[in-house]
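Next up, run-v5.pdb (PDB, C-alpha atoms):
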```pdb
ATOM      1  CA  LEU A 242      61.681  47.572  29.588  1.00  0.00           C
ATOM      2  CA  ASP A 243      62.215  50.726  27.511  1.00  0.00           C
ATOM      3  CA  ILE A 244      63.955  48.648  24.828  1.00  0.00           C
ATOM      4  CA  LEU A 245      61.143  46.087  24.975  1.00  0.00           C
ATOM      5  CA  GLU A 246      58.529  48.804  24.444  1.00  0.00           C
ATOM      6  CA  LYS A 247      60.471  50.231  21.504  1.00  0.00           C
ATOM      7  CA  ASN A 248      60.730  46.792  19.912  1.00  0.00           C
ATOM      8  CA  LEU A 249      56.985  46.234  20.333  1.00  0.00           C
ATOM      9  CA  ALA A 250      56.190  49.648  18.877  1.00  0.00           C
ATOM     10  CA  ASP A 251      58.558  49.209  15.925  1.00  0.00           C
ATOM     11  CA  MET A 252      57.040  45.880  14.824  1.00  0.00           C
ATOM     12  CA  ALA A 253      53.509  47.191  15.300  1.00  0.00           C
ATOM     13  CA  ALA A 254      54.380  50.203  13.137  1.00  0.00           C
ATOM     14  CA  LEU A 255      55.922  47.972  10.453  1.00  0.00           C
ATOM     15  CA  CYS A 256      52.730  45.917  10.255  1.00  0.00           C
ATOM     16  CA  LEU A 257      50.368  48.888  10.426  1.00  0.00           C
ATOM     17  CA  GLY A 258      52.316  50.817   7.813  1.00  0.00           C
ATOM     18  CA  ASN A 259      52.200  47.894   5.393  1.00  0.00           C
ATOM     19  CA  GLY A 260      48.648  46.746   6.077  1.00  0.00           C
ATOM     20  CA  LYS A 261      49.623  43.450   7.711  1.00  0.00           C
ATOM     21  CA  LYS A 262      48.002  41.613  10.598  1.00  0.00           C
ATOM     22  CA  LEU A 263      50.319  40.896  13.533  1.00  0.00           C
ATOM     23  CA  TYR A 264      50.159  37.550  15.355  1.00  0.00           C
ATOM     24  CA  PRO A 265      53.279  37.432  17.583  1.00  0.00           C
ATOM     25  CA  MET A 266      54.760  34.053  18.455  1.00  0.00           C
ATOM     26  CA  VAL A 267      54.666  33.904  22.253  1.00  0.00           C
ATOM     27  CA  LYS A 268      57.137  31.045  22.736  1.00  0.00           C
ATOM     28  CA  THR A 269      59.931  33.637  22.739  1.00  0.00           C
ATOM     29  CA  HIS A 270      58.791  35.168  26.021  1.00  0.00           C
ATOM     30  CA  LYS A 271      56.100  32.896  27.562  1.00  0.00           C
ATOM     31  CA  SER A 272      54.962  35.953  29.505  1.00  0.00           C
ATOM     32  CA  ALA A 273      51.399  37.076  30.169  1.00  0.00           C
ATOM     33  CA  TYR A 274      52.744  40.568  30.815  1.00  0.00           C
ATOM     34  CA  ILE A 275      54.491  40.835  27.446  1.00  0.00           C
ATOM     35  CA  ALA A 276      51.476  39.342  25.653  1.00  0.00           C
ATOM     36  CA  ALA A 277      49.351  42.084  27.209  1.00  0.00           C
ATOM     37  CA  ARG A 278      51.825  44.714  26.015  1.00  0.00           C
ATOM     38  CA  GLN A 279      51.743  43.210  22.499  1.00  0.00           C
ATOM     39  CA  ALA A 280      47.959  43.416  22.554  1.00  0.00           C
ATOM     40  CA  ALA A 281      48.182  47.028  23.717  1.00  0.00           C
ATOM     41  CA  HIS A 282      50.397  47.727  20.703  1.00  0.00           C
ATOM     42  CA  GLY A 283      47.689  46.386  18.399  1.00  0.00           C
ATOM     43  CA  ALA A 284      48.416  42.674  17.928  1.00  0.00           C
ATOM     44  CA  ASP A 285      45.522  41.055  16.057  1.00  0.00           C
ATOM     45  CA  GLY A 286      46.086  37.706  17.760  1.00  0.00           C
ATOM     46  CA  PHE A 287      48.869  35.370  18.830  1.00  0.00           C
ATOM     47  CA  MET A 288      50.676  32.252  17.654  1.00  0.00           C
ATOM     48  CA  VAL A 289      51.747  29.541  20.084  1.00  0.00           C
ATOM     49  CA  GLY A 290      54.167  26.645  20.065  1.00  0.00           C
ATOM     50  CA  THR A 291      52.592  24.803  23.016  1.00  0.00           C
ATOM     51  CA  LEU A 292      49.162  24.314  24.505  1.00  0.00           C
ATOM     52  CA  ASP A 293      50.414  25.736  27.803  1.00  0.00           C
ATOM     53  CA  GLU A 294      50.997  29.011  25.978  1.00  0.00           C
ATOM     54  CA  ALA A 295      47.554  28.865  24.374  1.00  0.00           C
ATOM     55  CA  GLU A 296      45.871  28.236  27.720  1.00  0.00           C
ATOM     56  CA  MET A 297      47.768  31.164  29.266  1.00  0.00           C
ATOM     57  CA  LEU A 298      46.507  33.454  26.517  1.00  0.00           C
ATOM     58  CA  ALA A 299      42.912  32.275  26.857  1.00  0.00           C
ATOM     59  CA  ALA A 300      43.052  32.664  30.643  1.00  0.00           C
ATOM     60  CA  ASN A 301      44.092  36.280  30.066  1.00  0.00           C
ATOM     61  CA  GLU A 302      41.183  36.865  27.667  1.00  0.00           C
ATOM     62  CA  HIS A 303      43.173  36.927  24.414  1.00  0.00           C
ATOM     63  CA  GLY A 304      40.661  35.512  21.993  1.00  0.00           C
ATOM     64  CA  GLU A 305      42.553  34.843  18.729  1.00  0.00           C
ATOM     65  CA  ILE A 306      45.112  32.012  18.874  1.00  0.00           C
ATOM     66  CA  MET A 307      46.965  30.227  16.058  1.00  0.00           C
ATOM     67  CA  LEU A 308      48.636  26.871  16.730  1.00  0.00           C
ATOM     68  CA  ALA A 309      51.965  26.693  14.924  1.00  0.00           C
ATOM     69  CA  TYR A 310      52.110  22.906  14.581  1.00  0.00           C
ATOM     70  CA  PRO A 311      49.742  19.960  14.094  1.00  0.00           C
ATOM     71  CA  VAL A 312      48.337  18.701  17.411  1.00  0.00           C
ATOM     72  CA  VAL A 313      47.390  15.050  17.954  1.00  0.00           C
ATOM     73  CA  GLY A 314      46.794  12.683  20.857  1.00  0.00           C
ATOM     74  CA  ASP A 315      43.594  12.432  22.890  1.00  0.00           C
ATOM     75  CA  ALA A 316      44.793  14.521  25.833  1.00  0.00           C
ATOM     76  CA  ASN A 317      46.107  17.344  23.654  1.00  0.00           C
ATOM     77  CA  MET A 318      43.071  17.336  21.385  1.00  0.00           C
ATOM     78  CA  ASN A 319      40.777  17.523  24.409  1.00  0.00           C
ATOM     79  CA  ARG A 320      42.709  20.579  25.600  1.00  0.00           C
ATOM     80  CA  VAL A 321      42.281  22.251  22.210  1.00  0.00           C
ATOM     81  CA  VAL A 322      38.548  21.514  22.188  1.00  0.00           C
ATOM     82  CA  ALA A 323      38.257  23.137  25.628  1.00  0.00           C
ATOM     83  CA  LEU A 324      40.231  26.139  24.350  1.00  0.00           C
ATOM     84  CA  ALA A 325      38.027  26.415  21.289  1.00  0.00           C
ATOM     85  CA  ARG A 326      35.029  26.986  23.536  1.00  0.00           C
ATOM     86  CA  LYS A 327      36.767  30.057  25.005  1.00  0.00           C
ATOM     87  CA  ALA A 328      38.715  31.510  22.059  1.00  0.00           C
ATOM     88  CA  HIS A 329      38.995  31.398  18.279  1.00  0.00           C
ATOM     89  CA  VAL A 330      41.592  28.676  17.737  1.00  0.00           C
ATOM     90  CA  ILE A 331      43.171  28.196  14.311  1.00  0.00           C
ATOM     91  CA  LEU A 332      44.767  24.787  13.717  1.00  0.00           C
ATOM     92  CA  SER A 333      47.714  24.013  11.418  1.00  0.00           C
ATOM     93  CA  PHE A 334      48.214  20.924   9.247  1.00  0.00           C
ATOM     94  CA  ASP A 335      50.682  19.536   6.732  1.00  0.00           C
ATOM     95  CA  GLY A 336      48.966  16.246   5.971  1.00  0.00           C
ATOM     96  CA  LEU A 337      45.744  14.272   5.978  1.00  0.00           C
ATOM     97  CA  GLU A 338      46.444  11.874   8.840  1.00  0.00           C
ATOM     98  CA  ALA A 339      46.231  14.411  11.663  1.00  0.00           C
ATOM     99  CA  ALA A 340      43.328  16.143   9.938  1.00  0.00           C
ATOM    100  CA  SER A 341      41.400  12.874   9.835  1.00  0.00           C
ATOM    101  CA  LEU A 342      41.800  12.477  13.596  1.00  0.00           C
ATOM    102  CA  TRP A 343      40.542  16.010  14.080  1.00  0.00           C
ATOM    103  CA  GLU A 344      37.507  15.463  11.865  1.00  0.00           C
ATOM    104  CA  ASP A 345      36.353  12.641  14.125  1.00  0.00           C
ATOM    105  CA  ARG A 346      37.139  14.551  17.328  1.00  0.00           C
ATOM    106  CA  LEU A 347      35.343  17.706  16.195  1.00  0.00           C
ATOM    107  CA  ASP A 348      32.344  15.733  15.015  1.00  0.00           C
ATOM    108  CA  ALA A 349      32.007  14.262  18.487  1.00  0.00           C
ATOM    109  CA  ALA A 350      32.327  17.745  20.015  1.00  0.00           C
ATOM    110  CA  ASP A 351      29.987  19.340  17.448  1.00  0.00           C
ATOM    111  CA  LEU A 352      32.584  21.977  16.579  1.00  0.00           C
ATOM    112  CA  THR A 353      34.064  23.340  13.364  1.00  0.00           C
ATOM    113  CA  LEU A 354      37.563  24.854  13.453  1.00  0.00           C
ATOM    114  CA  ASP A 355      39.572  26.915  11.004  1.00  0.00           C
ATOM    115  CA  TYR A 356      42.997  25.776   9.843  1.00  0.00           C
ATOM    116  CA  LEU A 357      46.076  26.856   7.919  1.00  0.00           C
ATOM    117  CA  LEU A 358      48.222  24.669   5.670  1.00  0.00           C
ATOM    118  CA  ILE A 359      51.901  24.723   6.584  1.00  0.00           C
ATOM    119  CA  ILE A 360      54.188  25.428   3.620  1.00  0.00           C
ATOM    120  CA  ASP A 361      57.871  24.444   3.633  1.00  0.00           C
ATOM    121  CA  CYS A 362      59.989  27.387   2.460  1.00  0.00           C
ATOM    122  CA  GLY A 363      63.351  25.704   2.934  1.00  0.00           C
ATOM    123  CA  LEU A 364      63.625  24.775   6.612  1.00  0.00           C
ATOM    124  CA  HIS A 365      62.518  21.178   5.832  1.00  0.00           C
ATOM    125  CA  ARG A 366      61.320  20.612   9.393  1.00  0.00           C
ATOM    126  CA  PHE A 367      57.604  20.458   8.639  1.00  0.00           C
ATOM    127  CA  GLY A 368      55.182  21.633   5.991  1.00  0.00           C
ATOM    128  CA  VAL A 369      54.558  20.644   2.387  1.00  0.00           C
ATOM    129  CA  PRO A 370      56.304  21.935  -0.740  1.00  0.00           C
ATOM    130  CA  PRO A 371      54.373  24.847  -2.259  1.00  0.00           C
ATOM    131  CA  THR A 372      53.665  22.774  -5.366  1.00  0.00           C
ATOM    132  CA  MET A 373      51.553  20.419  -3.233  1.00  0.00           C
ATOM    133  CA  ALA A 374      49.464  23.094  -1.507  1.00  0.00           C
ATOM    134  CA  ALA A 375      46.457  23.111  -3.842  1.00  0.00           C
ATOM    135  CA  GLY A 376      46.251  19.323  -4.020  1.00  0.00           C
ATOM    136  CA  LEU A 377      46.395  18.962  -0.253  1.00  0.00           C
ATOM    137  CA  ALA A 378      43.808  21.708   0.267  1.00  0.00           C
ATOM    138  CA  ARG A 379      41.529  19.990  -2.229  1.00  0.00           C
ATOM    139  CA  ASP A 380      41.952  16.658  -0.437  1.00  0.00           C
ATOM    140  CA  MET A 381      41.299  18.354   2.901  1.00  0.00           C
ATOM    141  CA  GLY A 382      37.930  19.408   1.525  1.00  0.00           C
ATOM    142  CA  ARG A 383      36.565  15.996   2.540  1.00  0.00           C
ATOM    143  CA  PHE A 384      36.664  17.131   6.175  1.00  0.00           C
ATOM    144  CA  LYS A 385      33.450  18.982   6.986  1.00  0.00           C
ATOM    145  CA  ARG A 386      34.572  20.036  10.458  1.00  0.00           C
ATOM    146  CA  LEU A 387      37.717  21.800   9.202  1.00  0.00           C
ATOM    147  CA  HIS A 388      37.534  25.134   7.384  1.00  0.00           C
ATOM    148  CA  PHE A 389      40.465  26.225   5.195  1.00  0.00           C
ATOM    149  CA  ARG A 390      41.600  29.765   6.018  1.00  0.00           C
ATOM    150  CA  GLY A 391      45.003  30.029   4.359  1.00  0.00           C
ATOM    151  CA  ILE A 392      48.685  29.133   4.418  1.00  0.00           C
ATOM    152  CA  ALA A 393      51.638  29.744   6.690  1.00  0.00           C
ATOM    153  CA  THR A 394      55.380  29.213   6.733  1.00  0.00           C
ATOM    154  CA  HIS A 395      58.413  29.786   8.950  1.00  0.00           C
ATOM    155  CA  PRO A 396      61.865  30.509   7.450  1.00  0.00           C
ATOM    156  CA  GLY A 397      63.729  29.170  10.481  1.00  0.00           C
ATOM    157  CA  GLN A 398      66.869  28.628   8.408  1.00  0.00           C
ATOM    158  CA  VAL A 399      67.430  32.389   8.607  1.00  0.00           C
ATOM    159  CA  TYR A 400      68.850  32.001  12.102  1.00  0.00           C
ATOM    160  CA  GLY A 401      71.894  30.331  10.570  1.00  0.00           C
ATOM    161  CA  CYS A 402      72.660  33.352   8.380  1.00  0.00           C
ATOM    162  CA  GLN A 403      75.829  35.378   8.933  1.00  0.00           C
ATOM    163  CA  THR A 404      75.330  38.408   6.673  1.00  0.00           C
ATOM    164  CA  PRO A 405      72.509  40.748   5.577  1.00  0.00           C
ATOM    165  CA  ASP A 406      72.765  39.340   2.049  1.00  0.00           C
ATOM    166  CA  GLU A 407      72.176  35.826   3.365  1.00  0.00           C
ATOM    167  CA  VAL A 408      69.130  37.037   5.306  1.00  0.00           C
ATOM    168  CA  ALA A 409      67.777  38.709   2.167  1.00  0.00           C
ATOM    169  CA  ALA A 410      68.217  35.456   0.233  1.00  0.00           C
ATOM    170  CA  VAL A 411      66.171  33.525   2.810  1.00  0.00           C
ATOM    171  CA  ALA A 412      63.511  36.247   2.714  1.00  0.00           C
ATOM    172  CA  ALA A 413      63.330  35.765  -1.065  1.00  0.00           C
ATOM    173  CA  GLU A 414      62.901  31.981  -0.588  1.00  0.00           C
ATOM    174  CA  GLU A 415      60.169  32.617   1.979  1.00  0.00           C
ATOM    175  CA  ALA A 416      58.264  34.968  -0.328  1.00  0.00           C
ATOM    176  CA  ALA A 417      58.667  32.744  -3.393  1.00  0.00           C
ATOM    177  CA  ALA A 418      57.323  29.661  -1.608  1.00  0.00           C
ATOM    178  CA  LEU A 419      54.282  31.500  -0.297  1.00  0.00           C
ATOM    179  CA  LYS A 420      53.608  33.190  -3.637  1.00  0.00           C
ATOM    180  CA  MET A 421      53.712  29.864  -5.494  1.00  0.00           C
ATOM    181  CA  ALA A 422      51.346  28.211  -3.019  1.00  0.00           C
ATOM    182  CA  TYR A 423      49.044  31.247  -3.031  1.00  0.00           C
ATOM    183  CA  ASP A 424      48.893  31.372  -6.834  1.00  0.00           C
ATOM    184  CA  LEU A 425      48.144  27.655  -7.128  1.00  0.00           C
ATOM    185  CA  LEU A 426      45.420  27.820  -4.510  1.00  0.00           C
ATOM    186  CA  THR A 427      43.697  30.870  -5.968  1.00  0.00           C
ATOM    187  CA  SER A 428      43.951  29.411  -9.479  1.00  0.00           C
ATOM    188  CA  ALA A 429      42.118  26.375  -8.114  1.00  0.00           C
ATOM    189  CA  GLY A 430      39.336  28.671  -6.913  1.00  0.00           C
ATOM    190  CA  MET A 431      40.172  28.604  -3.205  1.00  0.00           C
ATOM    191  CA  ALA A 432      39.853  31.698  -1.019  1.00  0.00           C
ATOM    192  CA  VAL A 433      43.109  32.332   0.868  1.00  0.00           C
ATOM    193  CA  GLU A 434      42.401  34.701   3.742  1.00  0.00           C
ATOM    194  CA  HIS A 435      45.676  34.287   5.627  1.00  0.00           C
ATOM    195  CA  VAL A 436      49.069  34.221   3.943  1.00  0.00           C
ATOM    196  CA  ALA A 437      51.153  34.113   7.093  1.00  0.00           C
ATOM    197  CA  THR A 438      54.850  33.982   7.807  1.00  0.00           C
ATOM    198  CA  GLY A 439      57.065  34.686  10.718  1.00  0.00           C
ATOM    199  CA  SER A 440      60.638  35.419  11.585  1.00  0.00           C
ATOM    200  CA  THR A 441      62.091  38.591  13.003  1.00  0.00           C
ATOM    201  CA  PRO A 442      65.105  38.767  10.623  1.00  0.00           C
ATOM    202  CA  THR A 443      62.945  38.601   7.462  1.00  0.00           C
ATOM    203  CA  ALA A 444      59.985  40.658   8.733  1.00  0.00           C
ATOM    204  CA  LYS A 445      60.881  43.868   6.906  1.00  0.00           C
ATOM    205  CA  TRP A 446      61.016  41.994   3.576  1.00  0.00           C
ATOM    206  CA  ALA A 447      57.824  40.030   4.230  1.00  0.00           C
ATOM    207  CA  ALA A 448      55.981  43.231   5.133  1.00  0.00           C
ATOM    208  CA  GLN A 449      56.683  44.590   1.655  1.00  0.00           C
ATOM    209  CA  GLN A 450      55.093  41.637  -0.154  1.00  0.00           C
ATOM    210  CA  PRO A 451      51.554  42.582  -1.233  1.00  0.00           C
ATOM    211  CA  PHE A 452      50.187  39.012  -1.100  1.00  0.00           C
ATOM    212  CA  ILE A 453      51.411  38.342   2.464  1.00  0.00           C
ATOM    213  CA  THR A 454      48.660  39.248   4.928  1.00  0.00           C
ATOM    214  CA  THR A 455      49.988  38.225   8.328  1.00  0.00           C
ATOM    215  CA  LEU A 456      53.329  38.468  10.149  1.00  0.00           C
ATOM    216  CA  ARG A 457      54.081  36.130  13.060  1.00  0.00           C
ATOM    217  CA  PRO A 458      57.497  37.157  14.466  1.00  0.00           C
ATOM    218  CA  GLY A 459      58.588  36.162  17.942  1.00  0.00           C
ATOM    219  CA  ASN A 460      62.174  37.137  18.659  1.00  0.00           C
ATOM    220  CA  TYR A 461      61.582  40.828  17.943  1.00  0.00           C
ATOM    221  CA  VAL A 462      60.483  41.484  21.516  1.00  0.00           C
ATOM    222  CA  PHE A 463      64.076  41.014  22.717  1.00  0.00           C
ATOM    223  CA  ASN A 464      66.192  40.955  19.530  1.00  0.00           C
ATOM    224  CA  ASP A 465      68.632  38.842  21.536  1.00  0.00           C
TER
END
```
Represent the structure from my file as structure tokens, please.
Amino acid sequence: LDILEKNLADMAALCLGNGKKLYPMVKTHKSAYIAARQAAHGADGFMVGTLDEAEMLAANEHGEIMLAYPVVGDANMNRVVALARKAHVILSFDGLEAASLWEDRLDAADLTLDYLLIIDCGLHRFGVPPTMAAGLARDMGRFKRLHFRGIATHPGQVYGCQTPDEVAAVAAEEAAALKMAYDLLTSAGMAVEHVATGSTPTAKWAAQQPFITTLRPGNYVFND
């Protein structure tokens, strides 16, 4: 527990010292206790990988929740709508199809939700290339129930690195992808409130980037 507290304090200090918001990814621990300790250390909100995690946070009165991935399906969307009546839920998208489903669902619920566009910075698991960010955001403008708040990425490929130099190279990829997407979006006249990224190994590099606003690390609580 002493090591846990030090890890929480160190990441909070990194974010505070560099003017970044901290939205820890809770899938690492899935613990209401640790989420409470993260909040006590100044977390601005949380990111989740599952709706179970989001519901746990809301039940414990944590009011700012980012969803890491697009959510579809009637049952899951109904759960998000219920959550959105208790907390500020921020959706994530990397295409129009899921967004279209959400537009209809939110219209029926008379809700408007914020969202982030997912940018691919080299993991190639989800997200769009940074060159496509402005075009997708423009196309998403047709949805009146969805409000663009920014962009996010996850350099998950860093967990395959073997040396500090390899980690630094992934951190450079992460920053370059976000910077390109950010520049294209702002050049197109779009306000980008969140420029979010998250991985524990690259956090110290991301914190030094002036255009990155939000860190979303998860593994830092244990560093295991």
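Within the 12 Å cut-off around Leu352 in chain A, using all atoms listed in the file and omitting residues fewer than 2 positions from it on the same chain, the listed residues are Val321, Val322, Ala323, Leu324, Ala325, Arg326, His329, Val330, Trp343, Glu344, Asp345, Arg346, Leu347, Asp348, Ala349, Ala350, Leu354, Asp355, Lys385, Arg386, Leu387 and His388 of chain A.
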Restricting it to C-alpha atoms, dump the selection as a compact mmCIF listing (two decimals), in the frame of the given file.
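Output contents, as saved in out.txt:
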```txt
# COMPACT_ATOMS: atom_id res chain seq x y z
CA VAL A 321 42.28 22.25 22.21
CA VAL A 322 38.55 21.51 22.19
CA ALA A 323 38.26 23.14 25.63
CA LEU A 324 40.23 26.14 24.35
CA ALA A 325 38.03 26.42 21.29
CA ARG A 326 35.03 26.99 23.54
CA HIS A 329 38.99 31.40 18.28
CA VAL A 330 41.59 28.68 17.74
CA TRP A 343 40.54 16.01 14.08
CA GLU A 344 37.51 15.46 11.86
CA ASP A 345 36.35 12.64 14.12
CA ARG A 346 37.14 14.55 17.33
CA LEU A 347 35.34 17.71 16.20
CA ASP A 348 32.34 15.73 15.02
CA ALA A 349 32.01 14.26 18.49
CA ALA A 350 32.33 17.74 20.02
CA LEU A 354 37.56 24.85 13.45
CA ASP A 355 39.57 26.92 11.00
CA LYS A 385 33.45 18.98 6.99
CA ARG A 386 34.57 20.04 10.46
CA LEU A 387 37.72 21.80 9.20
CA HIS A 388 37.53 25.13 7.38
```
(message) What does the structure give for the distance between CA of Ala447 in chain A and CA of Leu298 in chain A, in Å to one decimal?
(response)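 Atom-to-atom, CA of Ala447 in chain A to CA of Leu298 in chain A, that is 25.8 Å.
When all atoms listed in the file are used to measure the gap to Ile359 in chain A, the shortest distance among A:Met431, A:Leu263, A:Ala309, A:Cys402 belongs to A:Ala309.
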(request) Taking the file as shown, find all residues satisfying the PyMOL selection byres ((chain A and resi 242) around 12) and write them as a PyMOL selection string. (result) chain A and resi 243-249+274-275+278+462-463
Restricted to C-alpha atoms, what would the selected residues look like written as a PDB file, in the coordinates of the input?
```pdb
ATOM      1  CA  ASP A 243      62.215  50.726  27.511  1.00  0.00           C
ATOM      2  CA  ILE A 244      63.955  48.648  24.828  1.00  0.00           C
ATOM      3  CA  LEU A 245      61.143  46.087  24.975  1.00  0.00           C
ATOM      4  CA  GLU A 246      58.529  48.804  24.444  1.00  0.00           C
ATOM      5  CA  LYS A 247      60.471  50.231  21.504  1.00  0.00           C
ATOM      6  CA  ASN A 248      60.730  46.792  19.912  1.00  0.00           C
ATOM      7  CA  LEU A 249      56.985  46.234  20.333  1.00  0.00           C
ATOM      8  CA  TYR A 274      52.744  40.568  30.815  1.00  0.00           C
ATOM      9  CA  ILE A 275      54.491  40.835  27.446  1.00  0.00           C
ATOM     10  CA  ARG A 278      51.825  44.714  26.015  1.00  0.00           C
ATOM     11  CA  VAL A 462      60.483  41.484  21.516  1.00  0.00           C
ATOM     12  CA  PHE A 463      64.076  41.014  22.717  1.00  0.00           C
TER      13      PHE A 463
END
```
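Comparing A:Gly336, A:Gly439, A:Gly304, A:Gly283 by their smallest distance to Asp380 in chain A, the closest is A:Gly336 (using all atoms listed in the file).
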(message) Neighbouring residues of Ala273 in chain A were defined as those with any atom within 9 Å, considering only C-alpha atoms; residues of the same chain fewer than 3 positions away were excluded. Please report them as a VMD selection string.
(response) chain A and resid 270 276 to 278 297 to 298 301
(request) Tell me which residues the PyMOL selection byres ((chain A and resi 285) around 10) grabs here, as a list in words. (result) Lys261, Lys262, Leu263, Tyr264, Pro265, Gln279, Ala280, His282, Gly283, Ala284, Gly286, Phe287, His303, Gly304, Glu305, Ile306 and Thr455 of chain A
(message) For this structure, which residues satisfy the selection - the PyMOL selection byres ((chain A and resi 406-418) around 10) - when it is evaluated on the file as given? I want them as a VMD selection string.
(response) chain A and resid 360 to 364 370 to 372 394 to 405 419 to 423 438 to 440 442 to 447 449 to 450 452 to 453
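As for CA of Arg320 in chain A and CA of Thr441 in chain A, they are spaced 29.3 Å apart.
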(request) Quick one: pull the distance between CA of Ile331 in chain A and CA of Leu308 in chain A, Å, one decimal. (result)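 CA of Ile331 in chain A sits 6.1 Å away from CA of Leu308 in chain A.
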(message) Residues near Ile392 in chain A, anyone? I mean within 7 Å using all atoms listed in the file, not counting same-chain ones fewer than 2 positions away, as a ChimeraX atom specification.
(response) /A:357-360,435-437
(request) Could you check which of A:Val312, A:Leu426, A:Ala254, A:Leu332 is closest to Tyr356 in chain A, using all atoms listed in the file? (result)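 Residue with the minimum atom-to-atom distance to Tyr356 in chain A: A:Leu332.
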(message) Considering only C-alpha atoms, can you say which of A:Leu337, A:Met381, A:Ala393, A:Gly459 comes closest to Gly290 in chain A?
(response)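 Going through A:Leu337, A:Met381, A:Ala393, A:Gly459 one by one, the smallest distance to Gly290 in chain A is for A:Gly459.
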Mind rebuilding range 443-448 of chain A with all heavy atoms and writing that out as a PDB file, in the coordinates of the input?
```pdb
ATOM      1  N   THR A 443      63.483  38.371   8.807  1.00  0.00           N
ATOM      2  CA  THR A 443      62.945  38.601   7.462  1.00  0.00           C
ATOM      3  C   THR A 443      61.687  39.459   7.469  1.00  0.00           C
ATOM      4  O   THR A 443      61.082  39.684   6.416  1.00  0.00           O
ATOM      5  CB  THR A 443      62.623  37.261   6.764  1.00  0.00           C
ATOM      6  OG1 THR A 443      61.578  36.584   7.483  1.00  0.00           O
ATOM      7  CG2 THR A 443      63.856  36.373   6.677  1.00  0.00           C
ATOM      8  N   ALA A 444      61.276  39.971   8.627  1.00  0.00           N
ATOM      9  CA  ALA A 444      59.985  40.658   8.733  1.00  0.00           C
ATOM     10  C   ALA A 444      59.895  41.870   7.815  1.00  0.00           C
ATOM     11  O   ALA A 444      58.855  42.112   7.192  1.00  0.00           O
ATOM     12  CB  ALA A 444      59.724  41.069  10.179  1.00  0.00           C
ATOM     13  N   LYS A 445      60.978  42.641   7.713  1.00  0.00           N
ATOM     14  CA  LYS A 445      60.881  43.868   6.906  1.00  0.00           C
ATOM     15  C   LYS A 445      60.695  43.554   5.424  1.00  0.00           C
ATOM     16  O   LYS A 445      60.062  44.320   4.702  1.00  0.00           O
ATOM     17  CB  LYS A 445      62.106  44.756   7.118  1.00  0.00           C
ATOM     18  CG  LYS A 445      63.414  44.199   6.615  1.00  0.00           C
ATOM     19  CD  LYS A 445      64.553  45.184   6.882  1.00  0.00           C
ATOM     20  CE  LYS A 445      65.894  44.672   6.358  1.00  0.00           C
ATOM     21  NZ  LYS A 445      66.999  45.636   6.621  1.00  0.00           N
ATOM     22  N   TRP A 446      61.231  42.412   4.969  1.00  0.00           N
ATOM     23  CA  TRP A 446      61.016  41.994   3.576  1.00  0.00           C
ATOM     24  C   TRP A 446      59.597  41.450   3.394  1.00  0.00           C
ATOM     25  O   TRP A 446      58.924  41.780   2.430  1.00  0.00           O
ATOM     26  CB  TRP A 446      62.038  40.942   3.176  1.00  0.00           C
ATOM     27  CG  TRP A 446      63.397  41.486   2.881  1.00  0.00           C
ATOM     28  CD1 TRP A 446      63.842  42.036   1.703  1.00  0.00           C
ATOM     29  CD2 TRP A 446      64.512  41.531   3.781  1.00  0.00           C
ATOM     30  NE1 TRP A 446      65.156  42.417   1.825  1.00  0.00           N
ATOM     31  CE2 TRP A 446      65.595  42.112   3.084  1.00  0.00           C
ATOM     32  CE3 TRP A 446      64.707  41.132   5.109  1.00  0.00           C
ATOM     33  CZ2 TRP A 446      66.851  42.304   3.655  1.00  0.00           C
ATOM     34  CZ3 TRP A 446      65.935  41.323   5.691  1.00  0.00           C
ATOM     35  CH2 TRP A 446      66.988  41.906   4.967  1.00  0.00           C
ATOM     36  N   ALA A 447      59.167  40.613   4.334  1.00  0.00           N
ATOM     37  CA  ALA A 447      57.824  40.030   4.230  1.00  0.00           C
ATOM     38  C   ALA A 447      56.757  41.113   4.242  1.00  0.00           C
ATOM     39  O   ALA A 447      55.744  41.018   3.535  1.00  0.00           O
ATOM     40  CB  ALA A 447      57.595  39.044   5.373  1.00  0.00           C
ATOM     41  N   ALA A 448      56.968  42.157   5.033  1.00  0.00           N
ATOM     42  CA  ALA A 448      55.981  43.231   5.133  1.00  0.00           C
ATOM     43  C   ALA A 448      55.780  43.950   3.808  1.00  0.00           C
ATOM     44  O   ALA A 448      54.724  44.543   3.573  1.00  0.00           O
ATOM     45  CB  ALA A 448      56.398  44.233   6.212  1.00  0.00           C
TER      46      ALA A 448
END
```
